[in-house]
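Data block below; observations after.
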Amino acid sequence: MRKPLVAALFALVIAGAGAAPAVAAPAPESAPARTSAAAATAGTAAGAKTAAPTLQAVSLAGTVALSNCSGSVVRFPNSADTDPALVLSNGHCLETGFPAPGQVIVNQSSSRTFSLLNSAGSKVATLRASKVAYSTMTDTDITIYQLTSTYATIRNSYGISALTVQNTHPTAGTAITVASGYWKRLYNCNVDGFVYRLKEGDWTWKDSLRYTSACNTIGGTSGSPVIDQSTGKVVAVNNTGNEDGGRCTVNNPCEVDASGNVTVRKGINYAEETYQIPACFTTGNQLNLSASGCVLPKP
């Protein structure tokens, strides 16, 4: 989570003495991008590869720009074209402020708007939320908005299809793209590994994904989808990076292993995995935290 360039004062207002995740202050679209970079510790590339996967070019189609962050229009493997579409971003990008540790927000009214982008990064539409379906910064860092439009409406009106969220755990070594709608910029790197616990200020996230150093994301890339280049599916949502080499402080997350050992990786950026999310949404894209296999934190 990164504080925006102009968000220090904002963070003090909404978070008091607590930590403030990394969001970007509104800035000219031409300004340079920035988010946390990630370096992987655990997670070995599983086995020898028999053949390199076929990689595909990832574009900005289906990404969105928020007022302070990035995001994407997403669907799950069982979503129907007639379902209300969903937008995925970070918990710390929520318009009402950062959820407190342990806080889970469900079905909260929202009329937030999103700029929908095409493959070239041009705005093709303004989408509107009907509610915050789910938001938390506990164990993970996600906000999921339900829109007033269906997937079919968006595709038929603007020629944009939603990105599919993969429902299996990502793999170390995978070639990925972090696609920032806020900055209209793509970051390409690989999954370096996975972090048992990632701690930043008052928040702790489980099984976070670490990037190789090539993904030097910046403030404003928070909420960007992390896309597997071989499948085109979303495997994580970009959320933070260690900026100054600090230890477990705001904008300087640290890695904590199962034995409690702490590792600091200055300049490395991270994302939160998303494979757990599909099991928590059932028919009609409706949130059901009691559904079989749903492990997201509950209110």
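Naming works like this for the structure tokens: A, B, ... for the chains as they're shown, residue 1 at the start of each chain, ligands 1 onward in shown order.
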Sorted by chain and rising residue number, list the residues of stretch 102-163 of chain A at most 12 Å from stretch 50-74 of chain A (counting only C-alpha atoms), each with its closest atom pair and distance in Å to one decimal, as a tab-separated table.
```
residue	atom	partner	partner_atom	distance
A:Arg112	CA	A:Leu66	CA	8.6
A:Thr113	CA	A:Leu66	CA	7.2
A:Phe114	CA	A:Leu66	CA	5.3
A:Ser115	CA	A:Ala65	CA	5.1
A:Leu116	CA	A:Val64	CA	4.6
A:Leu117	CA	A:Ala61	CA	5.6
A:Asn118	CA	A:Ala61	CA	4.1
A:Ser119	CA	A:Ala61	CA	4.0
A:Ala120	CA	A:Leu60	CA	6.4
A:Gly121	CA	A:Leu60	CA	5.6
A:Ser122	CA	A:Leu60	CA	8.8
A:Lys123	CA	A:Val64	CA	8.6
A:Val124	CA	A:Ala61	CA	10.0
A:Ala125	CA	A:Val64	CA	9.7
A:Thr126	CA	A:Val64	CA	9.2
A:Leu127	CA	A:Val64	CA	8.9
A:Arg128	CA	A:Leu66	CA	10.9
A:Ala129	CA	A:Val73	CA	11.3
A:Ile142	CA	A:Gly71	CA	10.2
A:Thr143	CA	A:Gly71	CA	9.5
A:Ile144	CA	A:Val74	CA	9.2
A:Tyr145	CA	A:Val73	CA	9.3
A:Gln146	CA	A:Val73	CA	9.8
A:Leu147	CA	A:Val73	CA	9.3
A:Ser149	CA	A:Val73	CA	10.9
A:Thr150	CA	A:Val73	CA	10.6
A:Tyr151	CA	A:Val73	CA	8.8
A:Ile154	CA	A:Val73	CA	9.7
A:Arg155	CA	A:Gly62	CA	9.8
A:Tyr158	CA	A:Gly62	CA	10.2
A:Gly159	CA	A:Ala61	CA	9.4
A:Ile160	CA	A:Gly62	CA	6.0
A:Ser161	CA	A:Gly62	CA	6.3
A:Ala162	CA	A:Val74	CA	4.9
A:Leu163	CA	A:Val74	CA	4.7
```
Problem set entry | Neighbour list for stretch 271-276 of chain A as a list in words, cut-off 8 Å, only C-alpha atoms, skip fewer than 5 positions in-chain | Ala38, Thr140, Asp141, Val165, Gln166, Asn167, Thr168, His169, Pro170, Trp205, Asp207, Ser208, Leu209, Arg210, Tyr211, Val226, Val234, Val235, Ala236, Val237, Asn238, Asn239, Thr240, Cys294, Val295 and Leu296 of chain A
Go ahead and write the selection's residues with N, CA, C and O atoms as an mmCIF file, in the first residue's frame.
```
data_model
loop_
_atom_site.group_PDB
_atom_site.id
_atom_site.type_symbol
_atom_site.label_atom_id
_atom_site.label_comp_id
_atom_site.auth_asym_id
_atom_site.auth_seq_id
_atom_site.Cartn_x
_atom_site.Cartn_y
_atom_site.Cartn_z
ATOM 1 N N ALA A 38 7.943 -6.217 -5.961
ATOM 2 C CA ALA A 38 7.954 -7.347 -5.075
ATOM 3 C C ALA A 38 9.053 -8.315 -5.356
ATOM 4 O O ALA A 38 9.343 -8.611 -6.465
ATOM 5 N N THR A 140 -6.217 -10.175 3.354
ATOM 6 C CA THR A 140 -6.031 -9.782 1.962
ATOM 7 C C THR A 140 -6.333 -8.300 1.857
ATOM 8 O O THR A 140 -6.599 -7.636 2.871
ATOM 9 N N ASP A 141 -6.291 -7.736 0.658
ATOM 10 C CA ASP A 141 -6.486 -6.298 0.480
ATOM 11 C C ASP A 141 -7.324 -6.086 -0.768
ATOM 12 O O ASP A 141 -6.815 -5.778 -1.840
ATOM 13 N N VAL A 165 -11.225 -14.159 -13.282
ATOM 14 C CA VAL A 165 -10.388 -14.431 -12.115
ATOM 15 C C VAL A 165 -10.110 -15.928 -12.043
ATOM 16 O O VAL A 165 -11.037 -16.744 -11.986
ATOM 17 N N GLN A 166 -8.848 -16.295 -12.054
ATOM 18 C CA GLN A 166 -8.456 -17.703 -11.951
ATOM 19 C C GLN A 166 -8.805 -18.229 -10.567
ATOM 20 O O GLN A 166 -8.595 -17.552 -9.560
ATOM 21 N N ASN A 167 -9.335 -19.454 -10.496
ATOM 22 C CA ASN A 167 -9.747 -20.003 -9.197
ATOM 23 C C ASN A 167 -8.771 -21.035 -8.652
ATOM 24 O O ASN A 167 -9.115 -21.832 -7.785
ATOM 25 N N THR A 168 -7.529 -21.017 -9.156
ATOM 26 C CA THR A 168 -6.479 -21.879 -8.611
ATOM 27 C C THR A 168 -5.273 -21.026 -8.236
ATOM 28 O O THR A 168 -5.058 -19.939 -8.787
ATOM 29 N N HIS A 169 -4.469 -21.536 -7.309
ATOM 30 C CA HIS A 169 -3.313 -20.805 -6.798
ATOM 31 C C HIS A 169 -2.304 -20.544 -7.915
ATOM 32 O O HIS A 169 -2.005 -21.433 -8.704
ATOM 33 N N PRO A 170 -1.760 -19.326 -7.992
ATOM 34 C CA PRO A 170 -0.731 -19.043 -9.001
ATOM 35 C C PRO A 170 0.549 -19.824 -8.726
ATOM 36 O O PRO A 170 0.736 -20.379 -7.647
ATOM 37 N N TRP A 205 -1.272 -9.488 5.788
ATOM 38 C CA TRP A 205 -1.883 -10.239 4.702
ATOM 39 C C TRP A 205 -1.246 -11.617 4.593
ATOM 40 O O TRP A 205 -0.054 -11.795 4.855
ATOM 41 N N ASP A 207 -0.216 -15.198 2.560
ATOM 42 C CA ASP A 207 0.138 -15.818 1.283
ATOM 43 C C ASP A 207 0.172 -14.793 0.151
ATOM 44 O O ASP A 207 -0.462 -14.965 -0.892
ATOM 45 N N SER A 208 0.913 -13.721 0.373
ATOM 46 C CA SER A 208 1.015 -12.674 -0.649
ATOM 47 C C SER A 208 1.943 -13.107 -1.777
ATOM 48 O O SER A 208 2.813 -13.959 -1.597
ATOM 49 N N LEU A 209 1.752 -12.498 -2.920
ATOM 50 C CA LEU A 209 2.562 -12.807 -4.110
ATOM 51 C C LEU A 209 3.647 -11.749 -4.246
ATOM 52 O O LEU A 209 3.364 -10.557 -4.220
ATOM 53 N N ARG A 210 4.875 -12.202 -4.426
ATOM 54 C CA ARG A 210 6.000 -11.288 -4.607
ATOM 55 C C ARG A 210 6.412 -11.267 -6.072
ATOM 56 O O ARG A 210 6.513 -12.294 -6.728
ATOM 57 N N TYR A 211 6.677 -10.052 -6.611
ATOM 58 C CA TYR A 211 7.143 -9.915 -7.978
ATOM 59 C C TYR A 211 8.668 -9.983 -8.041
ATOM 60 O O TYR A 211 9.350 -9.670 -7.076
ATOM 61 N N VAL A 226 -3.314 -8.394 -11.687
ATOM 62 C CA VAL A 226 -2.072 -9.089 -12.033
ATOM 63 C C VAL A 226 -2.483 -10.245 -12.937
ATOM 64 O O VAL A 226 -3.205 -11.155 -12.505
ATOM 65 N N VAL A 234 -6.775 -13.250 -14.275
ATOM 66 C CA VAL A 234 -6.310 -12.497 -13.113
ATOM 67 C C VAL A 234 -5.922 -13.475 -12.005
ATOM 68 O O VAL A 234 -6.723 -14.329 -11.614
ATOM 69 N N VAL A 235 -4.692 -13.346 -11.503
ATOM 70 C CA VAL A 235 -4.223 -14.235 -10.436
ATOM 71 C C VAL A 235 -3.979 -13.492 -9.130
ATOM 72 O O VAL A 235 -3.773 -14.109 -8.080
ATOM 73 N N ALA A 236 -4.004 -12.153 -9.174
ATOM 74 C CA ALA A 236 -3.762 -11.371 -7.966
ATOM 75 C C ALA A 236 -4.156 -9.923 -8.228
ATOM 76 O O ALA A 236 -4.466 -9.543 -9.362
ATOM 77 N N VAL A 237 -4.135 -9.124 -7.163
ATOM 78 C CA VAL A 237 -4.393 -7.695 -7.283
ATOM 79 C C VAL A 237 -3.235 -6.949 -6.624
ATOM 80 O O VAL A 237 -2.884 -7.191 -5.476
ATOM 81 N N ASN A 238 -2.603 -6.089 -7.391
ATOM 82 C CA ASN A 238 -1.416 -5.355 -6.938
ATOM 83 C C ASN A 238 -1.747 -4.470 -5.733
ATOM 84 O O ASN A 238 -2.772 -3.792 -5.726
ATOM 85 N N ASN A 239 -0.877 -4.480 -4.692
ATOM 86 C CA ASN A 239 -1.236 -3.621 -3.559
ATOM 87 C C ASN A 239 -0.130 -2.887 -2.834
ATOM 88 O O ASN A 239 -0.401 -1.890 -2.173
ATOM 89 N N THR A 240 1.134 -3.292 -2.887
ATOM 90 C CA THR A 240 2.107 -2.572 -2.079
ATOM 91 C C THR A 240 3.538 -2.863 -2.483
ATOM 92 O O THR A 240 3.795 -3.694 -3.353
ATOM 93 N N CYS A 294 -15.602 -21.056 0.633
ATOM 94 C CA CYS A 294 -15.312 -19.641 0.818
ATOM 95 C C CYS A 294 -14.497 -19.434 2.091
ATOM 96 O O CYS A 294 -14.949 -19.788 3.182
ATOM 97 N N VAL A 295 -13.307 -18.855 1.930
ATOM 98 C CA VAL A 295 -12.430 -18.658 3.088
ATOM 99 C C VAL A 295 -12.127 -17.175 3.326
ATOM 100 O O VAL A 295 -11.295 -16.847 4.172
ATOM 101 N N LEU A 296 -12.782 -16.277 2.596
ATOM 102 C CA LEU A 296 -12.561 -14.853 2.840
ATOM 103 C C LEU A 296 -13.011 -14.487 4.259
ATOM 104 O O LEU A 296 -13.954 -15.079 4.786
#
```
Write down as an mmCIF file with all heavy atoms, in the first residue's frame the residues of stretch 140-272 of chain A whose backbone DSSP state falls under alpha helix (DSSP H).
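Contents of the output file result_2.cif:
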```
data_model
loop_
_atom_site.group_PDB
_atom_site.id
_atom_site.type_symbol
_atom_site.label_atom_id
_atom_site.label_comp_id
_atom_site.auth_asym_id
_atom_site.auth_seq_id
_atom_site.Cartn_x
_atom_site.Cartn_y
_atom_site.Cartn_z
ATOM 1 N N TYR A 151 -22.423 -7.729 -17.675
ATOM 2 C CA TYR A 151 -21.308 -8.016 -18.577
ATOM 3 C C TYR A 151 -21.735 -7.874 -20.034
ATOM 4 O O TYR A 151 -20.994 -7.333 -20.869
ATOM 5 C CB TYR A 151 -20.785 -9.434 -18.346
ATOM 6 C CG TYR A 151 -20.205 -9.660 -16.981
ATOM 7 C CD1 TYR A 151 -20.775 -10.573 -16.094
ATOM 8 C CD2 TYR A 151 -19.075 -8.963 -16.563
ATOM 9 C CE1 TYR A 151 -20.245 -10.788 -14.843
ATOM 10 C CE2 TYR A 151 -18.529 -9.173 -15.306
ATOM 11 C CZ TYR A 151 -19.124 -10.089 -14.440
ATOM 12 O OH TYR A 151 -18.584 -10.290 -13.196
ATOM 13 N N ALA A 152 -22.929 -8.365 -20.334
ATOM 14 C CA ALA A 152 -23.416 -8.318 -21.717
ATOM 15 C C ALA A 152 -23.582 -6.879 -22.185
ATOM 16 O O ALA A 152 -23.225 -6.532 -23.324
ATOM 17 C CB ALA A 152 -24.736 -9.071 -21.831
ATOM 18 N N THR A 153 -24.102 -6.025 -21.314
ATOM 19 C CA THR A 153 -24.298 -4.623 -21.672
ATOM 20 C C THR A 153 -22.966 -3.945 -21.971
ATOM 21 O O THR A 153 -22.818 -3.212 -22.951
ATOM 22 C CB THR A 153 -25.020 -3.870 -20.546
ATOM 23 O OG1 THR A 153 -26.316 -4.436 -20.357
ATOM 24 C CG2 THR A 153 -25.152 -2.392 -20.869
ATOM 25 N N ILE A 154 -21.978 -4.203 -21.124
ATOM 26 C CA ILE A 154 -20.654 -3.595 -21.306
ATOM 27 C C ILE A 154 -20.018 -4.078 -22.605
ATOM 28 O O ILE A 154 -19.461 -3.295 -23.379
ATOM 29 C CB ILE A 154 -19.755 -3.911 -20.098
ATOM 30 C CG1 ILE A 154 -20.308 -3.213 -18.855
ATOM 31 C CG2 ILE A 154 -18.310 -3.490 -20.364
ATOM 32 C CD1 ILE A 154 -19.614 -3.607 -17.566
ATOM 33 N N ARG A 155 -20.107 -5.372 -22.865
ATOM 34 C CA ARG A 155 -19.501 -5.924 -24.079
ATOM 35 C C ARG A 155 -20.215 -5.426 -25.336
ATOM 36 O O ARG A 155 -19.578 -5.032 -26.320
ATOM 37 C CB ARG A 155 -19.515 -7.450 -24.041
ATOM 38 C CG ARG A 155 -18.746 -8.078 -25.212
ATOM 39 C CD ARG A 155 -18.784 -9.582 -25.171
ATOM 40 N NE ARG A 155 -20.132 -10.109 -25.310
ATOM 41 C CZ ARG A 155 -20.805 -10.714 -24.346
ATOM 42 N NH1 ARG A 155 -20.259 -10.897 -23.155
ATOM 43 N NH2 ARG A 155 -22.037 -11.157 -24.554
ATOM 44 N N ASN A 156 -21.548 -5.440 -25.298
ATOM 45 C CA ASN A 156 -22.305 -5.044 -26.484
ATOM 46 C C ASN A 156 -22.206 -3.542 -26.755
ATOM 47 O O ASN A 156 -22.235 -3.111 -27.909
ATOM 48 C CB ASN A 156 -23.777 -5.436 -26.326
ATOM 49 C CG ASN A 156 -23.967 -6.947 -26.304
ATOM 50 O OD1 ASN A 156 -23.121 -7.694 -26.795
ATOM 51 N ND2 ASN A 156 -25.065 -7.400 -25.714
ATOM 52 N N SER A 157 -22.086 -2.763 -25.697
ATOM 53 C CA SER A 157 -22.056 -1.307 -25.862
ATOM 54 C C SER A 157 -20.663 -0.776 -26.171
ATOM 55 O O SER A 157 -20.511 0.188 -26.937
ATOM 56 C CB SER A 157 -22.579 -0.619 -24.594
ATOM 57 O OG SER A 157 -23.912 -0.984 -24.326
ATOM 58 N N TYR A 158 -19.637 -1.415 -25.583
ATOM 59 C CA TYR A 158 -18.287 -0.846 -25.675
ATOM 60 C C TYR A 158 -17.246 -1.812 -26.227
ATOM 61 O O TYR A 158 -16.090 -1.439 -26.403
ATOM 62 C CB TYR A 158 -17.839 -0.355 -24.291
ATOM 63 C CG TYR A 158 -18.890 0.450 -23.581
ATOM 64 C CD1 TYR A 158 -19.497 -0.025 -22.418
ATOM 65 C CD2 TYR A 158 -19.312 1.671 -24.104
ATOM 66 C CE1 TYR A 158 -20.480 0.708 -21.774
ATOM 67 C CE2 TYR A 158 -20.306 2.409 -23.465
ATOM 68 C CZ TYR A 158 -20.890 1.919 -22.294
ATOM 69 O OH TYR A 158 -21.870 2.643 -21.673
#
```
Check your understanding: Which of these, A:Gly267, A:Gly220, A:Trp203, A:His92, has the shortest distance to A:Glu243 once you count only C-alpha atoms?
Key ->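 For A:Glu243, the nearest of the candidates is A:Gly267.
Using only C-alpha atoms, the smallest distance between any of A:Asn188, A:Thr283, A:Thr164, A:Thr138 and A:Thr212 comes from A:Asn188.
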Mind listing the strand (DSSP E or B) residues of stretch 73-295 of chain A, per DSSP on the backbone, as a ChimeraX atom specification? /A:73-75,84-89,104-109,113-117,123-136,139,142-150,163-165,175-180,185-200,203-211,220,225-228,234-241,249,252,254-256,262-263,269-273,281-282,286-287
